[in-house]
$ cat run00.cif   # mmCIF, C-alpha atoms
data_model
loop_
_atom_site.group_PDB
_atom_site.id
_atom_site.type_symbol
_atom_site.label_atom_id
_atom_site.label_comp_id
_atom_site.auth_asym_id
_atom_site.auth_seq_id
_atom_site.Cartn_x
_atom_site.Cartn_y
_atom_site.Cartn_z
ATOM 1 C CA MET A 1444 0.000 0.000 0.000
ATOM 2 C CA LYS A 1445 1.321 3.433 -0.917
ATOM 3 C CA TYR A 1446 2.345 5.603 2.048
ATOM 4 C CA ILE A 1447 -0.121 8.516 2.373
ATOM 5 C CA LYS A 1448 1.319 11.748 3.784
ATOM 6 C CA ILE A 1449 -0.872 13.914 5.989
ATOM 7 C CA THR A 1450 1.193 16.870 4.806
ATOM 8 C CA GLU A 1451 -0.026 16.241 1.244
ATOM 9 C CA ALA A 1452 -3.691 15.698 2.172
ATOM 10 C CA PRO A 1453 -6.246 18.164 0.735
ATOM 11 C CA SER A 1454 -6.838 21.304 2.768
ATOM 12 C CA ASN A 1455 -9.899 21.548 4.987
ATOM 13 C CA HIS A 1456 -10.727 24.711 3.022
ATOM 14 C CA ASP A 1457 -11.460 25.095 -0.676
ATOM 15 C CA ASN A 1458 -12.102 27.804 -3.260
ATOM 16 C CA LEU A 1459 -9.568 29.991 -1.475
ATOM 17 C CA GLU A 1460 -9.317 32.382 -4.404
ATOM 18 C CA GLN A 1461 -13.003 33.234 -3.967
ATOM 19 C CA LEU A 1462 -12.575 34.384 -0.356
ATOM 20 C CA ASP A 1463 -12.090 37.978 0.733
ATOM 21 C CA THR A 1464 -8.935 38.880 2.634
ATOM 22 C CA LYS A 1465 -10.499 38.783 6.095
ATOM 23 C CA SER A 1466 -11.973 35.331 5.475
ATOM 24 C CA ILE A 1467 -8.619 34.018 4.264
ATOM 25 C CA LEU A 1468 -6.878 35.296 7.365
ATOM 26 C CA ARG A 1469 -9.582 34.042 9.705
ATOM 27 C CA LYS A 1470 -9.449 30.532 8.258
ATOM 28 C CA MET A 1471 -5.648 30.503 8.386
ATOM 29 C CA ASN A 1472 -5.822 31.502 12.037
ATOM 30 C CA GLU A 1473 -8.320 28.716 12.735
ATOM 31 C CA GLU A 1474 -5.810 26.212 11.374
ATOM 32 C CA ASP A 1475 -2.875 27.779 13.234
ATOM 33 C CA GLN A 1476 -4.681 27.369 16.560
ATOM 34 C CA LYS A 1477 -4.331 23.599 16.169
ATOM 35 C CA VAL A 1478 -0.528 23.749 16.155
ATOM 36 C CA ALA A 1479 0.246 24.301 19.855
ATOM 37 C CA ASP A 1480 -2.039 21.437 20.850
ATOM 38 C CA ALA A 1481 -0.251 19.126 18.415
ATOM 39 C CA VAL A 1482 3.134 20.117 19.847
ATOM 40 C CA ALA A 1483 1.881 19.525 23.402
ATOM 41 C CA LYS A 1484 1.304 15.868 22.544
ATOM 42 C CA VAL A 1485 5.005 15.293 21.812
ATOM 43 C CA ILE A 1486 6.383 16.842 25.011
ATOM 44 C CA PRO A 1487 7.360 13.379 26.336
ATOM 45 C CA GLN A 1488 9.555 12.797 23.277
ATOM 46 C CA ILE A 1489 11.044 16.304 23.456
ATOM 47 C CA THR A 1490 11.770 15.679 27.141
ATOM 48 C CA GLN A 1491 13.683 12.515 26.261
ATOM 49 C CA LEU A 1492 15.705 14.409 23.668
ATOM 50 C CA VAL A 1493 16.557 17.346 25.965
ATOM 51 C CA ASP A 1494 17.626 15.006 28.764
ATOM 52 C CA GLY A 1495 19.853 13.113 26.328
ATOM 53 C CA LEU A 1496 21.302 16.367 25.058
ATOM 54 C CA ALA A 1497 22.015 17.733 28.541
ATOM 55 C CA ASP A 1498 23.891 14.557 29.429
ATOM 56 C CA ARG A 1499 26.000 14.696 26.278
ATOM 57 C CA PHE A 1500 26.638 18.450 26.530
ATOM 58 C CA SER A 1501 28.181 17.860 29.941
ATOM 59 C CA ARG A 1502 30.752 15.704 28.116
ATOM 60 C CA GLY A 1503 31.439 18.309 25.435
ATOM 61 C CA GLY A 1504 28.794 17.070 23.002
ATOM 62 C CA ARG A 1505 27.065 19.181 20.399
ATOM 63 C CA LEU A 1506 23.651 19.469 18.767
ATOM 64 C CA PHE A 1507 23.347 19.216 14.988
ATOM 65 C CA TYR A 1508 20.178 19.955 13.035
ATOM 66 C CA ILE A 1509 19.913 18.621 9.488
ATOM 67 C CA GLY A 1510 17.157 19.460 7.032
ATOM 68 C CA ALA A 1511 16.241 20.646 3.560
ATOM 69 C CA GLY A 1512 14.236 23.644 2.387
ATOM 70 C CA THR A 1513 12.054 25.236 5.050
ATOM 71 C CA SER A 1514 12.980 22.590 7.625
ATOM 72 C CA GLY A 1515 16.691 23.164 7.050
ATOM 73 C CA ARG A 1516 16.284 26.918 7.315
ATOM 74 C CA LEU A 1517 14.404 26.598 10.597
ATOM 75 C CA GLY A 1518 17.221 24.476 12.027
ATOM 76 C CA ILE A 1519 19.783 27.070 10.971
ATOM 77 C CA LEU A 1520 17.647 29.851 12.454
ATOM 78 C CA ASP A 1521 17.435 28.106 15.817
ATOM 79 C CA ALA A 1522 21.155 27.323 15.864
ATOM 80 C CA SER A 1523 22.097 30.897 14.934
ATOM 81 C CA GLU A 1524 20.170 32.301 17.902
ATOM 82 C CA ILE A 1525 22.065 30.298 20.528
ATOM 83 C CA PRO A 1526 25.341 32.305 20.675
ATOM 84 C CA PRO A 1527 23.757 35.774 21.045
ATOM 85 C CA THR A 1528 20.988 34.611 23.361
ATOM 86 C CA PHE A 1529 22.904 32.229 25.604
ATOM 87 C CA GLY A 1530 26.555 33.085 24.983
ATOM 88 C CA MET A 1531 27.421 29.616 23.692
ATOM 89 C CA PRO A 1532 30.151 29.084 21.067
ATOM 90 C CA HIS A 1533 28.805 28.808 17.512
ATOM 91 C CA GLU A 1534 30.106 25.264 17.150
ATOM 92 C CA ARG A 1535 27.974 23.824 19.995
ATOM 93 C CA VAL A 1536 24.657 24.050 18.107
ATOM 94 C CA VAL A 1537 24.966 23.747 14.332
ATOM 95 C CA GLY A 1538 22.362 23.818 11.577
ATOM 96 C CA LEU A 1539 23.070 22.109 8.257
ATOM 97 C CA ILE A 1540 20.917 22.417 5.138
ATOM 98 C CA ALA A 1541 20.899 20.298 1.987
ATOM 99 C CA GLY A 1542 22.753 22.240 -0.693
ATOM 100 C CA GLY A 1543 24.949 24.145 1.758
ATOM 101 C CA ASP A 1544 24.759 27.775 2.828
ATOM 102 C CA ARG A 1545 23.624 29.003 -0.609
ATOM 103 C CA ALA A 1546 20.411 27.016 -0.077
ATOM 104 C CA ILE A 1547 19.489 29.242 2.881
ATOM 105 C CA ARG A 1548 18.180 31.934 0.509
ATOM 106 C CA LYS A 1549 17.677 30.100 -2.768
ATOM 107 C CA ALA A 1550 16.551 26.547 -3.445
ATOM 108 C CA VAL A 1551 19.324 24.247 -4.684
ATOM 109 C CA GLU A 1552 17.897 21.846 -7.245
ATOM 110 C CA ASN A 1553 17.782 18.177 -6.172
ATOM 111 C CA ALA A 1554 19.985 18.788 -3.097
ATOM 112 C CA GLU A 1555 17.457 17.201 -0.750
ATOM 113 C CA ASP A 1556 17.344 14.038 -2.892
ATOM 114 C CA ASP A 1557 20.956 13.074 -2.136
ATOM 115 C CA THR A 1558 20.851 10.334 0.510
ATOM 116 C CA ASN A 1559 24.632 10.277 0.884
ATOM 117 C CA GLN A 1560 25.468 13.952 1.421
ATOM 118 C CA ALA A 1561 24.386 14.688 5.009
ATOM 119 C CA TRP A 1562 26.946 12.402 6.640
ATOM 120 C CA PRO A 1563 29.932 13.983 4.817
ATOM 121 C CA ASP A 1564 28.503 17.385 5.799
ATOM 122 C CA LEU A 1565 28.477 16.235 9.433
ATOM 123 C CA LEU A 1566 31.952 14.725 9.215
ATOM 124 C CA LYS A 1567 33.352 18.136 8.280
ATOM 125 C CA HIS A 1568 32.611 19.043 11.904
ATOM 126 C CA GLU A 1569 34.497 16.001 13.239
ATOM 127 C CA ILE A 1570 31.279 14.603 14.644
ATOM 128 C CA ASN A 1571 31.622 12.045 17.439
ATOM 129 C CA ALA A 1572 29.629 9.800 19.777
ATOM 130 C CA ASN A 1573 28.950 12.628 22.253
ATOM 131 C CA ASP A 1574 27.036 14.583 19.597
ATOM 132 C CA VAL A 1575 23.308 14.483 18.838
ATOM 133 C CA VAL A 1576 21.768 14.732 15.373
ATOM 134 C CA VAL A 1577 18.197 15.934 14.906
ATOM 135 C CA GLY A 1578 16.679 15.481 11.476
ATOM 136 C CA ILE A 1579 13.873 17.864 10.496
ATOM 137 C CA ALA A 1580 11.526 16.928 7.658
ATOM 138 C CA ALA A 1581 7.826 17.720 7.486
ATOM 139 C CA SER A 1582 7.300 14.871 5.028
ATOM 140 C CA GLY A 1583 9.491 12.465 6.967
ATOM 141 C CA THR A 1584 10.818 11.168 3.664
ATOM 142 C CA THR A 1585 13.567 13.646 2.701
ATOM 143 C CA PRO A 1586 16.525 11.514 1.476
ATOM 144 C CA TYR A 1587 19.176 13.981 2.724
ATOM 145 C CA VAL A 1588 17.748 13.778 6.248
ATOM 146 C CA LEU A 1589 17.113 10.032 6.215
ATOM 147 C CA GLY A 1590 20.648 9.294 5.048
ATOM 148 C CA GLY A 1591 22.170 11.527 7.702
ATOM 149 C CA ILE A 1592 20.095 10.083 10.534
ATOM 150 C CA GLU A 1593 20.765 6.503 9.473
ATOM 151 C CA ALA A 1594 24.528 7.074 9.269
ATOM 152 C CA ALA A 1595 24.584 8.914 12.602
ATOM 153 C CA LYS A 1596 22.627 6.135 14.277
ATOM 154 C CA LYS A 1597 24.982 3.471 12.897
ATOM 155 C CA SER A 1598 27.896 5.476 14.282
ATOM 156 C CA GLY A 1599 26.455 5.402 17.791
ATOM 157 C CA LEU A 1600 25.101 8.934 18.014
ATOM 158 C CA LEU A 1601 21.784 9.809 19.615
ATOM 159 C CA THR A 1602 19.320 10.677 16.849
ATOM 160 C CA ALA A 1603 15.908 12.334 16.771
ATOM 161 C CA GLY A 1604 13.516 13.119 13.964
ATOM 162 C CA ILE A 1605 11.005 15.974 13.818
ATOM 163 C CA THR A 1606 8.286 15.175 11.286
ATOM 164 C CA ASN A 1607 4.662 16.046 10.612
ATOM 165 C CA ASN A 1608 3.790 12.606 9.285
ATOM 166 C CA PRO A 1609 3.400 9.995 12.056
ATOM 167 C CA GLY A 1610 4.777 6.636 11.001
ATOM 168 C CA SER A 1611 6.964 8.175 8.300
ATOM 169 C CA PRO A 1612 10.408 6.729 7.466
ATOM 170 C CA LEU A 1613 12.111 9.416 9.577
ATOM 171 C CA ALA A 1614 9.960 8.529 12.583
ATOM 172 C CA LEU A 1615 10.807 4.865 12.117
ATOM 173 C CA ILE A 1616 14.599 5.217 11.903
ATOM 174 C CA ALA A 1617 15.242 7.974 14.479
ATOM 175 C CA GLU A 1618 15.855 6.827 18.045
ATOM 176 C CA ILE A 1619 13.553 9.579 19.312
ATOM 177 C CA PRO A 1620 10.675 10.228 16.884
ATOM 178 C CA ILE A 1621 8.949 13.585 17.391
ATOM 179 C CA GLU A 1622 5.799 13.202 15.299
ATOM 180 C CA ILE A 1623 3.738 16.405 15.217
ATOM 181 C CA ASN A 1624 0.417 15.834 13.473
ATOM 182 C CA VAL A 1625 -0.947 19.265 12.602
ATOM 183 C CA GLY A 1626 -3.275 17.926 9.902
ATOM 184 C CA PRO A 1627 -3.537 19.154 6.306
ATOM 185 C CA GLU A 1628 -2.111 22.552 5.445
ATOM 186 C CA PHE A 1629 -4.356 25.559 4.700
ATOM 187 C CA VAL A 1630 -2.872 25.633 1.200
ATOM 188 C CA THR A 1631 -2.561 21.956 0.308
ATOM 189 C CA GLY A 1632 1.013 20.722 0.690
ATOM 190 C CA SER A 1633 2.458 24.082 1.800
ATOM 191 C CA THR A 1634 4.467 22.814 4.759
ATOM 192 C CA ARG A 1635 5.988 26.246 5.396
ATOM 193 C CA MET A 1636 2.691 26.938 7.162
ATOM 194 C CA LYS A 1637 1.420 24.775 10.067
ATOM 195 C CA SER A 1638 4.174 22.182 9.744
ATOM 196 C CA GLY A 1639 6.860 24.864 9.751
ATOM 197 C CA THR A 1640 5.240 26.630 12.702
ATOM 198 C CA SER A 1641 5.145 23.395 14.688
ATOM 199 C CA GLN A 1642 8.807 22.729 13.908
ATOM 200 C CA LYS A 1643 9.747 26.231 15.069
ATOM 201 C CA LEU A 1644 7.891 25.687 18.345
ATOM 202 C CA ALA A 1645 9.575 22.325 18.904
ATOM 203 C CA LEU A 1646 13.031 23.742 18.139
ATOM 204 C CA ASN A 1647 12.432 26.633 20.561
ATOM 205 C CA MET A 1648 11.555 24.091 23.236
ATOM 206 C CA ILE A 1649 14.551 21.850 22.544
ATOM 207 C CA SER A 1650 17.249 24.521 22.522
ATOM 208 C CA THR A 1651 15.806 26.722 25.279
ATOM 209 C CA ALA A 1652 15.180 23.824 27.659
ATOM 210 C CA LEU A 1653 18.698 22.555 26.942
ATOM 211 C CA MET A 1654 20.253 25.944 27.699
ATOM 212 C CA ILE A 1655 18.306 26.149 30.975
ATOM 213 C CA ARG A 1656 19.373 22.631 31.929
ATOM 214 C CA ILE A 1657 23.073 23.395 31.364
ATOM 215 C CA GLY A 1658 22.991 26.607 33.402
ATOM 216 C CA ARG A 1659 22.807 29.321 30.757
ATOM 217 C CA VAL A 1660 19.743 30.927 32.400
ATOM 218 C CA LYS A 1661 19.442 32.264 35.964
ATOM 219 C CA GLY A 1662 15.960 32.725 37.411
ATOM 220 C CA ASN A 1663 14.211 33.656 34.192
ATOM 221 C CA LYS A 1664 16.972 35.825 32.744
ATOM 222 C CA MET A 1665 19.354 35.402 29.789
ATOM 223 C CA VAL A 1666 22.399 36.097 31.934
ATOM 224 C CA ASN A 1667 24.884 34.862 29.331
ATOM 225 C CA MET A 1668 23.620 36.851 26.334
ATOM 226 C CA GLN A 1669 26.191 38.642 24.191
ATOM 227 C CA MET A 1670 26.203 42.434 24.586
ATOM 228 C CA THR A 1671 26.212 43.202 20.872
ATOM 229 C CA ASN A 1672 23.980 46.282 20.772
ATOM 230 C CA THR A 1673 22.575 49.106 22.882
ATOM 231 C CA LYS A 1674 19.305 47.282 23.580
ATOM 232 C CA LEU A 1675 21.109 44.261 25.006
ATOM 233 C CA VAL A 1676 23.486 46.378 27.095
ATOM 234 C CA ASP A 1677 20.463 48.139 28.573
ATOM 235 C CA ARG A 1678 18.744 44.800 29.240
ATOM 236 C CA GLY A 1679 21.862 43.405 30.895
ATOM 237 C CA THR A 1680 22.233 46.507 33.017
ATOM 238 C CA ARG A 1681 18.659 46.190 34.255
ATOM 239 C CA TYR A 1682 19.193 42.512 35.078
ATOM 240 C CA ILE A 1683 22.179 43.459 37.244
ATOM 241 C CA MET A 1684 20.184 46.258 38.905
ATOM 242 C CA GLU A 1685 17.502 43.747 39.840
ATOM 243 C CA GLY A 1686 19.930 41.019 40.881
ATOM 244 C CA LEU A 1687 22.182 43.184 43.058
ATOM 245 C CA GLY A 1688 19.882 46.015 44.106
ATOM 246 C CA VAL A 1689 22.150 48.726 42.683
ATOM 247 C CA ASP A 1690 21.357 51.798 40.585
ATOM 248 C CA TYR A 1691 21.615 51.961 36.796
ATOM 249 C CA ALA A 1692 25.035 53.633 36.670
ATOM 250 C CA LYS A 1693 26.580 51.103 39.056
ATOM 251 C CA ALA A 1694 25.003 48.187 37.189
ATOM 252 C CA GLU A 1695 26.233 49.483 33.852
ATOM 253 C CA ALA A 1696 29.755 49.871 35.233
ATOM 254 C CA LEU A 1697 29.700 46.297 36.548
ATOM 255 C CA LEU A 1698 28.483 44.987 33.201
ATOM 256 C CA LYS A 1699 31.359 46.726 31.426
ATOM 257 C CA LYS A 1700 33.824 45.432 34.015
ATOM 258 C CA TYR A 1701 32.811 41.771 33.884
ATOM 259 C CA GLY A 1702 31.468 41.518 30.332
ATOM 260 C CA SER A 1703 28.361 39.504 31.179
ATOM 261 C CA VAL A 1704 25.423 39.564 33.558
ATOM 262 C CA LYS A 1705 26.307 36.159 35.011
ATOM 263 C CA LYS A 1706 29.910 37.081 35.742
ATOM 264 C CA ALA A 1707 28.829 40.326 37.383
ATOM 265 C CA LEU A 1708 26.217 38.590 39.544
ATOM 266 C CA ASP A 1709 28.573 35.770 40.523
ATOM 267 C CA ALA A 1710 31.395 38.163 41.430
ATOM 268 C CA GLU A 1711 29.389 40.757 43.342
ATOM 269 C CA LYS A 1712 26.872 38.653 45.276
#

$ encode --input "run00.cif" --output "structure tokens"
Amino acid sequence: MKYIKITEAPSNHDNLEQLDTKSILRKMNEEDQKVADAVAKVIPQITQLVDGLADRFSRGGRLFYIGAGTSGRLGILDASEIPPTFGMPHERVVGLIAGGDRAIRKAVENAEDDTNQAWPDLLKHEINANDVVVGIAASGTTPYVLGGIEAAKKSGLLTAGITNNPGSPLALIAEIPIEINVGPEFVTGSTRMKSGTSQKLALNMISTALMIRIGRVKGNKMVNMQMTNTKLVDRGTRYIMEGLGVDYAKAEALLKKYGSVKKALDAEK
């Protein structure tokens, strides 16, 4: 029997071109409201992944996302936010996309169909048994992702797969399958919509929970963020004011002296 993808199923809405703008937006919003509930159902699997990541990070491990198209771009987006938000080195969370960096902005023809390319892409980073590879594919059938996950698994790495098709090949081969069933897309097959939104939510949960678990957050504050602009310097200053009970000028001076909120709080408390 041919495998039927939920992500390719007909939309619950038809004759979209006959709708006025407000109706289009309302119906899109109705579909989007289903996404958070779908993500909530996979919290046990995300928990297993974060716990596995925290254990491996304590041994110097890293997190790698692999994907193609929208899924690949979302992995790169999540990885790129970790250094400025949590002060982690760029090489600890890495996003790889089929077709390489040029595919971030423009589609690279047939790149996602190469089953053998993801593992060489990972090997460029000297990947090892302490690392974790998370494949992202709405369809759950992307050859680039499947090949990378299979090779990583054979090499003893912890693997997870984020997919929007339960029972898909990615869900079957990944050690931790994260199967987010958001139903058919508003525009049939357009997985940049609900599927992409669900992936973004899951990635937020994975990386943020990991950073909290490994001590990159204090209380509810991003105490290790990089002070790369005026807004962040002001935010860091206010965090120090609150943490130490000092005025703005004193807090700002301490931030400049120590270079981070965490270092200032640890040194002055």

$ closest_atom_pairs --input "run00.cif" --of "segment 1546-1665 of chain A" --to "segment 1684-1689 of chain A" --cutoff "12 Å" --atoms "only C-alpha atoms" --output "tab-separated table"
residue	atom	partner	partner_atom	distance
A:Lys1661	CA	A:Gly1686	CA	10.1
A:Gly1662	CA	A:Gly1686	CA	9.8
A:Asn1663	CA	A:Gly1686	CA	11.5
A:Lys1664	CA	A:Gly1686	CA	10.1

$ residues_around --input "run00.cif" --residues "Thr1450 of chain A" --least-positions-apart "5" --cutoff "12 Å" --atoms "all atoms listed in the file" --output "list in words"
Ala1580, Ala1581, Ser1582, Gly1583, Thr1584, Thr1606, Asn1607, Asn1608, Pro1609, Ser1611, Ile1623, Asn1624, Val1625, Gly1626, Pro1627, Glu1628, Phe1629, Val1630, Thr1631, Gly1632, Ser1633, Thr1634, Arg1635, Met1636, Lys1637, Ser1638 and Gly1639 of chain A

$ resolve_selection --input "run00.cif" --expression "the PyMOL selection byres ((chain A and resi 1522) around 9)" --output "PDB file with C-alpha atoms, keeping the file's coordinate frame"
ATOM      1  CA  LEU A1506      23.651  19.469  18.767  1.00  0.00           C
ATOM      2  CA  PHE A1507      23.347  19.216  14.988  1.00  0.00           C
ATOM      3  CA  TYR A1508      20.178  19.955  13.035  1.00  0.00           C
ATOM      4  CA  LEU A1517      14.404  26.598  10.597  1.00  0.00           C
ATOM      5  CA  GLY A1518      17.221  24.476  12.027  1.00  0.00           C
ATOM      6  CA  ILE A1519      19.783  27.070  10.971  1.00  0.00           C
ATOM      7  CA  LEU A1520      17.647  29.851  12.454  1.00  0.00           C
ATOM      8  CA  ASP A1521      17.435  28.106  15.817  1.00  0.00           C
ATOM      9  CA  SER A1523      22.097  30.897  14.934  1.00  0.00           C
ATOM     10  CA  GLU A1524      20.170  32.301  17.902  1.00  0.00           C
ATOM     11  CA  ILE A1525      22.065  30.298  20.528  1.00  0.00           C
ATOM     12  CA  PRO A1526      25.341  32.305  20.675  1.00  0.00           C
ATOM     13  CA  HIS A1533      28.805  28.808  17.512  1.00  0.00           C
ATOM     14  CA  ARG A1535      27.974  23.824  19.995  1.00  0.00           C
ATOM     15  CA  VAL A1536      24.657  24.050  18.107  1.00  0.00           C
ATOM     16  CA  VAL A1537      24.966  23.747  14.332  1.00  0.00           C
ATOM     17  CA  GLY A1538      22.362  23.818  11.577  1.00  0.00           C
ATOM     18  CA  SER A1650      17.249  24.521  22.522  1.00  0.00           C
TER      19      SER A1650
END

$ atom_distance --input "run00.cif" --atom1 "atom CA of Asp1677 of chain A" --atom2 "atom CA of Glu1695 of chain A"
7.9 Å

$ closest_residue --input "run00.cif" --among "A:His1456, A:Arg1659, A:Arg1469, A:Lys1549" --to "Met1531 of chain A" --atoms "only C-alpha atoms"
A:Arg1659

$ closest_residue --input "run00.cif" --among "A:Leu1644, A:Ile1489, A:Val1660, A:Val1478" --to "Gly1604 of chain A" --atoms "all atoms listed in the file"
A:Ile1489

$ residues_around --input "run00.cif" --residues "Ala1554 of chain A" --least-positions-apart "3" --cutoff "6 Å" --atoms "all atoms listed in the file" --output "PDB file with C-alpha atoms, keeping the file's coordinate frame"
ATOM      1  CA  ALA A1541      20.899  20.298   1.987  1.00  0.00           C
ATOM      2  CA  GLY A1542      22.753  22.240  -0.693  1.00  0.00           C
ATOM      3  CA  VAL A1551      19.324  24.247  -4.684  1.00  0.00           C
ATOM      4  CA  ASP A1557      20.956  13.074  -2.136  1.00  0.00           C
TER       5      ASP A1557
END

$ resolve_selection --input "run00.cif" --expression "the PyMOL selection byres ((chain A and resi 1667) around 9)" --output "list in words"
Pro1527, Thr1528, Phe1529, Gly1530, Met1531, Arg1659, Val1660, Lys1661, Lys1664, Met1665, Val1666, Met1668, Gln1669, Ser1703, Val1704, Lys1705 and Lys1706 of chain A

$ write_last_selection --input "run00.cif" --atoms "C-alpha atoms" --output "mmCIF file, in the frame of the given file"
data_model
loop_
_atom_site.group_PDB
_atom_site.id
_atom_site.type_symbol
_atom_site.label_atom_id
_atom_site.label_comp_id
_atom_site.auth_asym_id
_atom_site.auth_seq_id
_atom_site.Cartn_x
_atom_site.Cartn_y
_atom_site.Cartn_z
ATOM 1 C CA PRO A 1527 23.757 35.774 21.045
ATOM 2 C CA THR A 1528 20.988 34.611 23.361
ATOM 3 C CA PHE A 1529 22.904 32.229 25.604
ATOM 4 C CA GLY A 1530 26.555 33.085 24.983
ATOM 5 C CA MET A 1531 27.421 29.616 23.692
ATOM 6 C CA ARG A 1659 22.807 29.321 30.757
ATOM 7 C CA VAL A 1660 19.743 30.927 32.400
ATOM 8 C CA LYS A 1661 19.442 32.264 35.964
ATOM 9 C CA LYS A 1664 16.972 35.825 32.744
ATOM 10 C CA MET A 1665 19.354 35.402 29.789
ATOM 11 C CA VAL A 1666 22.399 36.097 31.934
ATOM 12 C CA MET A 1668 23.620 36.851 26.334
ATOM 13 C CA GLN A 1669 26.191 38.642 24.191
ATOM 14 C CA SER A 1703 28.361 39.504 31.179
ATOM 15 C CA VAL A 1704 25.423 39.564 33.558
ATOM 16 C CA LYS A 1705 26.307 36.159 35.011
ATOM 17 C CA LYS A 1706 29.910 37.081 35.742
#

$ closest_residue --input "run00.cif" --among "A:Ala1594, A:Leu1698, A:Ala1511, A:Val1482" --to "Arg1548 of chain A" --atoms "only C-alpha atoms"
A:Ala1511

$ residues_near_point --input "run00.cif" --point "(9.7, 15.0, 25.6)" --cutoff "12 Å" --atoms "only C-alpha atoms" --output "count of residues only"
27

$ atom_distance --input "run00.cif" --atom1 "atom CA of Glu1593 of chain A" --atom2 "atom CA of Gly1512 of chain A"
19.7 Å

$ atom_distance --input "run00.cif" --atom1 "atom CA of Leu1601 of chain A" --atom2 "atom CA of Arg1499 of chain A"
9.3 Å

$ resolve_selection --input "run00.cif" --expression "the PyMOL selection byres ((chain A and resi 1561) around 7)" --output "ChimeraX atom specification"
/A:1559-1560,1562-1565,1587-1588,1590-1591

$ residues_near_point --input "run00.cif" --point "(29.3, 50.9, 25.4)" --cutoff "10 Å" --atoms "only C-alpha atoms" --output "list in words"
Met1670, Thr1671, Asn1672, Thr1673, Val1676, Asp1677, Glu1695, Ala1696, Leu1698 and Lys1699 of chain A

$ decode --input "run00.cif" --residues "segment 1503-1514 of chain A" --atoms "N, CA and C atoms" --output "mmCIF file, in the first residue's frame"
data_model
loop_
_atom_site.group_PDB
_atom_site.id
_atom_site.type_symbol
_atom_site.label_atom_id
_atom_site.label_comp_id
_atom_site.auth_asym_id
_atom_site.auth_seq_id
_atom_site.Cartn_x
_atom_site.Cartn_y
_atom_site.Cartn_z
ATOM 1 N N GLY A 1503 30.904 17.577 26.587
ATOM 2 C CA GLY A 1503 31.439 18.309 25.435
ATOM 3 C C GLY A 1503 30.700 18.060 24.141
ATOM 4 N N GLY A 1504 29.561 17.379 24.200
ATOM 5 C CA GLY A 1504 28.794 17.070 23.002
ATOM 6 C C GLY A 1504 28.173 18.296 22.370
ATOM 7 N N ARG A 1505 27.675 18.092 21.167
ATOM 8 C CA ARG A 1505 27.065 19.181 20.399
ATOM 9 C C ARG A 1505 25.722 18.744 19.832
ATOM 10 N N LEU A 1506 24.940 19.717 19.395
ATOM 11 C CA LEU A 1506 23.651 19.469 18.767
ATOM 12 C C LEU A 1506 23.737 19.873 17.298
ATOM 13 N N PHE A 1507 23.386 18.945 16.429
ATOM 14 C CA PHE A 1507 23.347 19.216 14.988
ATOM 15 C C PHE A 1507 21.919 19.056 14.481
ATOM 16 N N TYR A 1508 21.439 20.059 13.748
ATOM 17 C CA TYR A 1508 20.178 19.955 13.035
ATOM 18 C C TYR A 1508 20.486 19.711 11.562
ATOM 19 N N ILE A 1509 19.781 18.799 10.929
ATOM 20 C CA ILE A 1509 19.913 18.621 9.488
ATOM 21 C C ILE A 1509 18.528 18.676 8.859
ATOM 22 N N GLY A 1510 18.432 19.344 7.710
ATOM 23 C CA GLY A 1510 17.157 19.460 7.032
ATOM 24 C C GLY A 1510 17.336 20.008 5.637
ATOM 25 N N ALA A 1511 16.237 20.093 4.911
ATOM 26 C CA ALA A 1511 16.241 20.646 3.560
ATOM 27 C C ALA A 1511 15.108 21.663 3.448
ATOM 28 N N GLY A 1512 15.286 22.661 2.597
ATOM 29 C CA GLY A 1512 14.236 23.644 2.387
ATOM 30 C C GLY A 1512 13.852 24.359 3.663
ATOM 31 N N THR A 1513 12.543 24.532 3.861
ATOM 32 C CA THR A 1513 12.054 25.236 5.050
ATOM 33 C C THR A 1513 12.552 24.604 6.334
ATOM 34 N N SER A 1514 12.534 23.278 6.413
ATOM 35 C CA SER A 1514 12.980 22.590 7.625
ATOM 36 C C SER A 1514 14.446 22.874 7.910
#
